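What follows is a set of notes on a single structure, which appears directly below.
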Amino acid sequence: MGMMAPDGIGALLRGAREAAGRTREEQAAVLQAARGGKWFDPENLKRWETEKRLPTPVWHPLLADCYGRSPEEIARAVVVSRRHRKLHQLIDREGRDGGSTVDRRKFLGVAAVATGMAGLPDFAEARQGINAGLSTSDSSDLAYLEGAFERHRGGYRGRPPSEVLGQMRADLDLLRELLGRPHPVSVRKDLARTAAGITGLGAIIQHDRGDQRDAVGWFATAEQAARESGDWRMLAWVLSRHAMVPLNYGAPNVAATMAIRARAEAGRVPSAAGALAAAVTARSLASIGDREGALRAVADARAAAARLDSVQGADTWFGYPAQKHHVHLSQAFTLMGRTREAYAEQEAALALTMSPSVMTRALIAVDRAACVRSDGDPTTAAALAADAWSRLPVAYRDGLVRSRMDALCQSLPGSSGSALSEALVGR
């Protein structure tokens with residue numbers, strides 16, 4: 001193997017140990033104590049410091065705790081070491097195969113990009129590396145990433161979007177690195193499917209944070225991965241979720257077109273993606289004033305939701321649970337001005353909404369206020385919205401919730417609109 005990565009895990013562990021004035025044996029004793037006295041071999045630490053072996057994800061929390069680093073820093077350092085190792089493997093292989101100096105320089109330049117040695121990306125730039133990997137890699141050992149996918153797919157669970165995004169960062173870096181490795185073709189589709197799921201989750205979070213441009217880019221990456229995986233349900237899910245970006249940020253015609261594509265990919269087999277696509281279609285058509293088409297799509301969404309099994313109806317970002325169903329229909333009926341039906345959907349959604357669902361409760365409150373406005377009481381509508389805003393934690397006062405609040409504010413006449421505008425600015 002070539003020389004160690006200067007910013008890799010070996011340099012990090014050795015540098016921190018030496019800065020603390022400890023020998024390897026003493027540092028191993030620290031690790032052992034943190035494990036509740038369970039034996040930790042100093043030779044294992046030596047292998048990590050010399051990068052003869054790299055710590056697997058199961059060790060990352062322990063290392064973070066004992067070295068005063070975050071788990072994300074440990075994971076990123078491991079990624080750097082893996083890239084460095086891969087680059088030197090490619091260099092050694094190219095050297096054995098021969099080639100001119102000019103060809104070798106070209107090869108090394110491509111290798112540096114393929115392995116990520118050109119520099120670690122920030123969150124937005126990571127997508128570029130994943131896109132490149134989807135076109136060049138074959139497959140990977142998905143054990144860790146599949147576990148990460150399962151952890152993240154459950155939704156916010158009371159955590160603000162920015163916090164979840166930060167927790168995903170290291171996994172996105174690992175995905176980027178894994179996509180750059182050569183792997184057996186037999187597991188290529190599993191890799192692409194996992195890539196589609198994880199990048200799709202990143203896109204959802206960016207959507208909720210209000211970063212429309214980055215959300216669209218991540219959804220495009222997820223669509224590419226889903227198509228490569230051959231998983232039609234994953235593709236339909238990506239398209240359905242992607243349609244919610246233009247839907248929630250002022251382009252309902254684009255949303256309707258994308259939702260129709262999602263429905264076509266979902267086909268007639270019951271799926272969460274198909275039900276979601278029907279609901280998004282209903283909301284999109286309601287937004288552009290096509291009430292007849294919206295009502296047909298509502299009926300389709302209800303029929304699709306009724307046919308889902310427990311897996312497809314699970315309360316995750318990949319499922320279409322009853323609570324989400326009622327939230328979508330609340331928005332559709334609110335946009336159509338059918339307040340009696342909208343109120344019923346809101347009550348049904350709230351009855352199924354768990355206490356940590358901060359964003360969901362806020363969006364329902366905005367719908368409720370919009371219905372009150374449609375019923376002729378803008379003053380009460382403004383008061384309801386202002387009260388919901390005052391209860392909203394600061395971490396949620398941007399992105400989707402802010403966009404909905406602003407739209408409601410603009411629809412309120414005179415002093416009512418001014419009162420809500422002041423509440424949004426002053427609190």
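Simple scheme: letters A, B, ... for chains in structure tokens order, numbers from 1 for residues in each chain, numbers from 1 for ligands in the order shown.
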Closest pair table for segment 162-216 of chain A residues within 12 Å of segment 222-232 of chain A, only C-alpha atoms, as JSON lines:
{"residue": "A:Leu179", "atom": "CA", "partner": "A:Ala225", "partner_atom": "CA", "distance": 11.1}
{"residue": "A:Val185", "atom": "CA", "partner": "A:Ser229", "partner_atom": "CA", "distance": 11.9}
{"residue": "A:Ser186", "atom": "CA", "partner": "A:Ser229", "partner_atom": "CA", "distance": 11.7}
{"residue": "A:Val187", "atom": "CA", "partner": "A:Ser229", "partner_atom": "CA", "distance": 9.9}
{"residue": "A:Arg188", "atom": "CA", "partner": "A:Ser229", "partner_atom": "CA", "distance": 7.6}
{"residue": "A:Lys189", "atom": "CA", "partner": "A:Ser229", "partner_atom": "CA", "distance": 4.4}
{"residue": "A:Asp190", "atom": "CA", "partner": "A:Ser229", "partner_atom": "CA", "distance": 6.7}
{"residue": "A:Leu191", "atom": "CA", "partner": "A:Ser229", "partner_atom": "CA", "distance": 7.7}
{"residue": "A:Ala192", "atom": "CA", "partner": "A:Ser229", "partner_atom": "CA", "distance": 5.0}
{"residue": "A:Arg193", "atom": "CA", "partner": "A:Ser229", "partner_atom": "CA", "distance": 5.1}
{"residue": "A:Thr194", "atom": "CA", "partner": "A:Ala225", "partner_atom": "CA", "distance": 8.4}
{"residue": "A:Ala195", "atom": "CA", "partner": "A:Ala225", "partner_atom": "CA", "distance": 6.2}
{"residue": "A:Ala196", "atom": "CA", "partner": "A:Ala222", "partner_atom": "CA", "distance": 4.2}
{"residue": "A:Gly197", "atom": "CA", "partner": "A:Ala222", "partner_atom": "CA", "distance": 6.9}
{"residue": "A:Ile198", "atom": "CA", "partner": "A:Ala222", "partner_atom": "CA", "distance": 8.0}
{"residue": "A:Thr199", "atom": "CA", "partner": "A:Ala222", "partner_atom": "CA", "distance": 5.4}
{"residue": "A:Gly200", "atom": "CA", "partner": "A:Ala222", "partner_atom": "CA", "distance": 5.3}
{"residue": "A:Leu201", "atom": "CA", "partner": "A:Ala222", "partner_atom": "CA", "distance": 9.0}
{"residue": "A:Gly202", "atom": "CA", "partner": "A:Ala222", "partner_atom": "CA", "distance": 9.4}
{"residue": "A:Ala203", "atom": "CA", "partner": "A:Ala222", "partner_atom": "CA", "distance": 8.4}
{"residue": "A:Ile204", "atom": "CA", "partner": "A:Ala222", "partner_atom": "CA", "distance": 10.9}
{"residue": "A:Ala215", "atom": "CA", "partner": "A:Ala222", "partner_atom": "CA", "distance": 10.4}
{"residue": "A:Val216", "atom": "CA", "partner": "A:Ala222", "partner_atom": "CA", "distance": 9.8}
Excluding segment 393-400 of chain A and its own-chain neighbours fewer than 2 positions away, which residues fall within 10 Å of it when counting only C-alpha atoms? Please give them as a PDB file with C-alpha atoms, in the first residue's frame.
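Output file result-v1.pdb follows:
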ATOM      1  CA  ARG A 159     -35.862  16.555  14.956  1.00  0.00           C
ATOM      2  CA  PRO A 160     -35.543  19.754  12.879  1.00  0.00           C
ATOM      3  CA  PRO A 161     -34.524  19.273   9.214  1.00  0.00           C
ATOM      4  CA  SER A 162     -31.067  20.836   9.632  1.00  0.00           C
ATOM      5  CA  GLU A 163     -30.211  18.402  12.429  1.00  0.00           C
ATOM      6  CA  ILE A 205     -34.876  17.537   3.644  1.00  0.00           C
ATOM      7  CA  GLN A 206     -33.601  20.235   1.291  1.00  0.00           C
ATOM      8  CA  HIS A 207     -37.172  20.713   0.060  1.00  0.00           C
ATOM      9  CA  ASP A 208     -38.421  21.150   3.600  1.00  0.00           C
ATOM     10  CA  ARG A 209     -35.595  23.589   4.345  1.00  0.00           C
ATOM     11  CA  GLY A 210     -36.610  25.690   1.345  1.00  0.00           C
ATOM     12  CA  ASP A 211     -33.528  25.027  -0.804  1.00  0.00           C
ATOM     13  CA  GLN A 212     -35.491  24.336  -3.968  1.00  0.00           C
ATOM     14  CA  VAL A 245     -41.022  20.719  -4.922  1.00  0.00           C
ATOM     15  CA  ASN A 248     -45.087  23.627  -2.716  1.00  0.00           C
ATOM     16  CA  TYR A 249     -43.087  26.440  -4.276  1.00  0.00           C
ATOM     17  CA  VAL A 358     -43.958  19.681  14.607  1.00  0.00           C
ATOM     18  CA  MET A 359     -43.987  20.472  10.894  1.00  0.00           C
ATOM     19  CA  ALA A 362     -47.903  23.655  11.611  1.00  0.00           C
ATOM     20  CA  LEU A 363     -49.012  22.867   8.052  1.00  0.00           C
ATOM     21  CA  TRP A 389     -46.267  30.620  14.332  1.00  0.00           C
ATOM     22  CA  SER A 390     -45.617  31.700  17.918  1.00  0.00           C
ATOM     23  CA  ARG A 391     -45.675  28.054  19.042  1.00  0.00           C
ATOM     24  CA  ARG A 402     -42.518  29.814   6.062  1.00  0.00           C
ATOM     25  CA  SER A 403     -43.557  29.551   2.415  1.00  0.00           C
ATOM     26  CA  ARG A 404     -47.080  28.455   3.398  1.00  0.00           C
ATOM     27  CA  MET A 405     -47.343  31.193   6.019  1.00  0.00           C
ATOM     28  CA  ASP A 406     -46.235  33.841   3.520  1.00  0.00           C
ATOM     29  CA  LEU A 424     -44.040  36.639  11.109  1.00  0.00           C
ATOM     30  CA  ARG A 427     -41.427  36.669  16.551  1.00  0.00           C
TER      31      ARG A 427
END
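Ranking A:Val425, A:Ala349, A:Ala282, A:Val269 by their shortest atom-to-atom distance to Ala256 of chain A, with only C-alpha atoms included, puts A:Ala282 first.
If you count only C-alpha atoms and ignore residues fewer than 5 places along the chain from Ala385 of chain A, what sits within 8 Å of it is Ala365, Val366, Ala369, Met405 and Leu420 of chain A.
Nearest residue to Cys371 of chain A, choosing from A:Arg261, A:Arg35, A:Arg340, A:Arg213 and counting only C-alpha atoms: A:Arg340.
If you count only C-alpha atoms and ignore residues fewer than 4 places along the chain from segment 55-63 of chain A, what sits within 9 Å of it is A:Ile9, A:Leu13, A:Leu31, A:Ala34, A:Arg35, A:Trp48, A:Glu51, A:Tyr67, A:Gly68, A:Arg69, A:Ser70, A:Pro71, A:Glu72, A:Ile74, A:Ala75, A:Val78, A:Tyr144.
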Using only C-alpha atoms, can you tell me which of A:Leu12, A:Ala33, A:Ala243, A:Ala236 comes closest to Arg76 of chain A? A:Leu12
Minimum-distance residue to Pro378 of chain A, chosen among A:Leu412, A:Ala279, A:Met168, A:Met354 (using only C-alpha atoms): A:Leu412
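One finds atom CA of Ala148 of chain A at 25.9 Å from atom CA of Arg47 of chain A.
Using only C-alpha atoms for every distance, the candidate list A:Leu45, A:Val164, A:Leu392, A:Ile364 yields A:Leu45 as the residue closest to Gln32 of chain A.
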